[in-house]
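Below is one structure, written out as structure tokens; the observations come after it.
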Amino acid sequence: WLGDDCKSWGRVQLPLVQGERGWLGEVTEECFQQTPLRFASENSWVQYGGDESTRVVFKANRTTEGTFPPGSEWTMNPIPVCNSNVMGWLDPTCPDGFEFPPRGPGLFGTGEHVGTGGYPDFLWTLMDEVEVPLDLEPGEYVLSFRWGL
């Protein structure tokens, strides 16, 4: 069980048509559901800025059971919120602890709180790698990122 906050990836090949604003293609949710992508490894990581030496690598919690579309691979959001009814919005120090142990320093919360004035707390990027199918035809593609609750 991954909980209520998970993510997955899909892809759609664009049937390109020259349009008024450039090349356009038919992109539908149904198409993404027919072409889900698998994660390339059991790991995810967080990185601060462009400096690869700041990476925090951790084993991801992934599943293919009970997913939609059936058999697609989903991974749990590895960033816990605070144990409170406002998840850290009023007090980002999480005095009551976390939903689960953070993967590294500062890797918790909602990304902003009441004192930030709308500016993000998260100064890092959460990363995954996905597999490119070996039988993929050359062409233009659109990736889908789904954050399910």
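Labels used: A, B, ... for chains in the order of the structure tokens, numbers from 1 for residues in each chain, and numbers from 1 for ligands as shown.
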- Item | Val130 of chain A surroundings by only C-alpha atoms, 6 Å radius, close-in-sequence under 3 positions cut, as a list in words | Arg38, Phe39 and Ala40 of chain A
Residue subset to file, keeping N, CA, C and O atoms, as a compact mmCIF listing (two decimals), in the first residue's frame:
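What ended up in selection-v4.txt:
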```txt
# COMPACT_ATOMS: atom_id res chain seq x y z
N ARG A 38 7.47 2.48 -17.05
CA ARG A 38 8.00 1.88 -15.82
C ARG A 38 9.16 2.73 -15.32
O ARG A 38 9.87 3.37 -16.10
N PHE A 39 9.37 2.69 -14.03
CA PHE A 39 10.53 3.34 -13.45
C PHE A 39 11.76 2.52 -13.78
O PHE A 39 11.72 1.30 -13.88
N ALA A 40 12.91 3.18 -13.97
CA ALA A 40 14.13 2.52 -14.43
C ALA A 40 14.90 1.82 -13.32
O ALA A 40 15.75 0.97 -13.60
```
- So which bits of chain A end up strand (DSSP E or B) when you DSSP the backbone, as a count of residues only? 45
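Using only C-alpha atoms, the contacts of segment 83-86 of chain A at a cut-off of 8 Å, with sequence neighbours closer than 4 positions omitted, comprise A:Leu90, A:Cys94, A:Asp96, A:Gly97, A:Phe98, A:Glu99.
DSSP secondary structure from the backbone places Glu29, Glu30, Cys31, Phe32, Gln33, Gln34, Glu52, Ser53, Thr54, Val114, Gly115 and Thr116 of chain A of chain A in helix (DSSP H, G or I).
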- Task: Find the residues around Trp89 of chain A up to 12 Å (only C-alpha atoms counted), leave out those fewer than 6 positions away in its own chain, and share them as a ChimeraX atom specification.
- Result: /A:81-83,108-118,120-121
Would you save the residues from that selection as an mmCIF file, in the first residue's frame, using N, CA and C atoms?
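Output file result-v2.cif is given in full below:
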```
data_model
loop_
_atom_site.group_PDB
_atom_site.id
_atom_site.type_symbol
_atom_site.label_atom_id
_atom_site.label_comp_id
_atom_site.auth_asym_id
_atom_site.auth_seq_id
_atom_site.Cartn_x
_atom_site.Cartn_y
_atom_site.Cartn_z
ATOM 1 N N VAL A 81 4.495 14.970 5.110
ATOM 2 C CA VAL A 81 4.004 16.213 5.696
ATOM 3 C C VAL A 81 4.093 16.091 7.207
ATOM 4 N N CYS A 82 3.847 17.194 7.900
ATOM 5 C CA CYS A 82 3.871 17.195 9.363
ATOM 6 C C CYS A 82 2.624 16.500 9.905
ATOM 7 N N ASN A 83 2.762 15.874 11.077
ATOM 8 C CA ASN A 83 1.632 15.251 11.755
ATOM 9 C C ASN A 83 0.784 16.332 12.425
ATOM 10 N N PHE A 108 10.653 17.500 4.004
ATOM 11 C CA PHE A 108 9.329 17.288 4.570
ATOM 12 C C PHE A 108 8.511 18.560 4.378
ATOM 13 N N GLY A 109 7.209 18.431 4.582
ATOM 14 C CA GLY A 109 6.316 19.584 4.523
ATOM 15 C C GLY A 109 5.530 19.661 3.233
ATOM 16 N N THR A 110 4.899 20.819 3.047
ATOM 17 C CA THR A 110 4.010 21.015 1.903
ATOM 18 C C THR A 110 4.646 21.848 0.792
ATOM 19 N N GLY A 111 5.843 22.348 1.014
ATOM 20 C CA GLY A 111 6.501 23.147 -0.012
ATOM 21 C C GLY A 111 6.411 24.634 0.229
ATOM 22 N N GLU A 112 5.501 25.040 1.078
ATOM 23 C CA GLU A 112 5.386 26.430 1.503
ATOM 24 C C GLU A 112 4.613 26.454 2.815
ATOM 25 N N HIS A 113 4.668 27.585 3.515
ATOM 26 C CA HIS A 113 3.891 27.726 4.746
ATOM 27 C C HIS A 113 3.453 29.176 4.896
ATOM 28 N N VAL A 114 2.655 29.442 5.903
ATOM 29 C CA VAL A 114 2.029 30.746 6.069
ATOM 30 C C VAL A 114 3.053 31.887 6.110
ATOM 31 N N GLY A 115 4.263 31.645 6.561
ATOM 32 C CA GLY A 115 5.267 32.698 6.685
ATOM 33 C C GLY A 115 6.087 32.965 5.436
ATOM 34 N N THR A 116 5.883 32.208 4.359
ATOM 35 C CA THR A 116 6.725 32.380 3.167
ATOM 36 C C THR A 116 6.161 33.372 2.161
ATOM 37 N N GLY A 117 4.946 33.827 2.370
ATOM 38 C CA GLY A 117 4.361 34.789 1.442
ATOM 39 C C GLY A 117 4.192 34.244 0.032
ATOM 40 N N GLY A 118 3.955 32.962 -0.077
ATOM 41 C CA GLY A 118 3.754 32.347 -1.386
ATOM 42 C C GLY A 118 5.031 31.869 -2.057
ATOM 43 N N PRO A 120 8.303 29.317 -2.320
ATOM 44 C CA PRO A 120 8.484 27.910 -1.937
ATOM 45 C C PRO A 120 9.535 27.700 -0.854
ATOM 46 N N ASP A 121 9.271 26.687 -0.019
ATOM 47 C CA ASP A 121 10.250 26.208 0.957
ATOM 48 C C ASP A 121 11.185 25.205 0.309
#
```
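The smallest atom-to-atom distance between Ser44 of chain A and any of A:Pro92, A:Gly148, A:Pro78, A:Gly106, using only C-alpha atoms, is found for A:Pro78.
Among A:Thr35, A:Arg62, A:Ser8, A:Thr67, the residue with the shortest atom-to-atom distance to Pro133 of chain A, counting only C-alpha atoms, is A:Thr35.
Minimum atom-to-atom distances from A:Tyr48, A:Phe100, A:Tyr119, A:Trp9 to Phe68 of chain A were compared using only C-alpha atoms, and the lowest value belongs to A:Trp9.
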- Note on the structure: As a check of understanding: the span from atom CA of Arg103 of chain A to atom CA of Phe58 of chain A is 7.0 Å
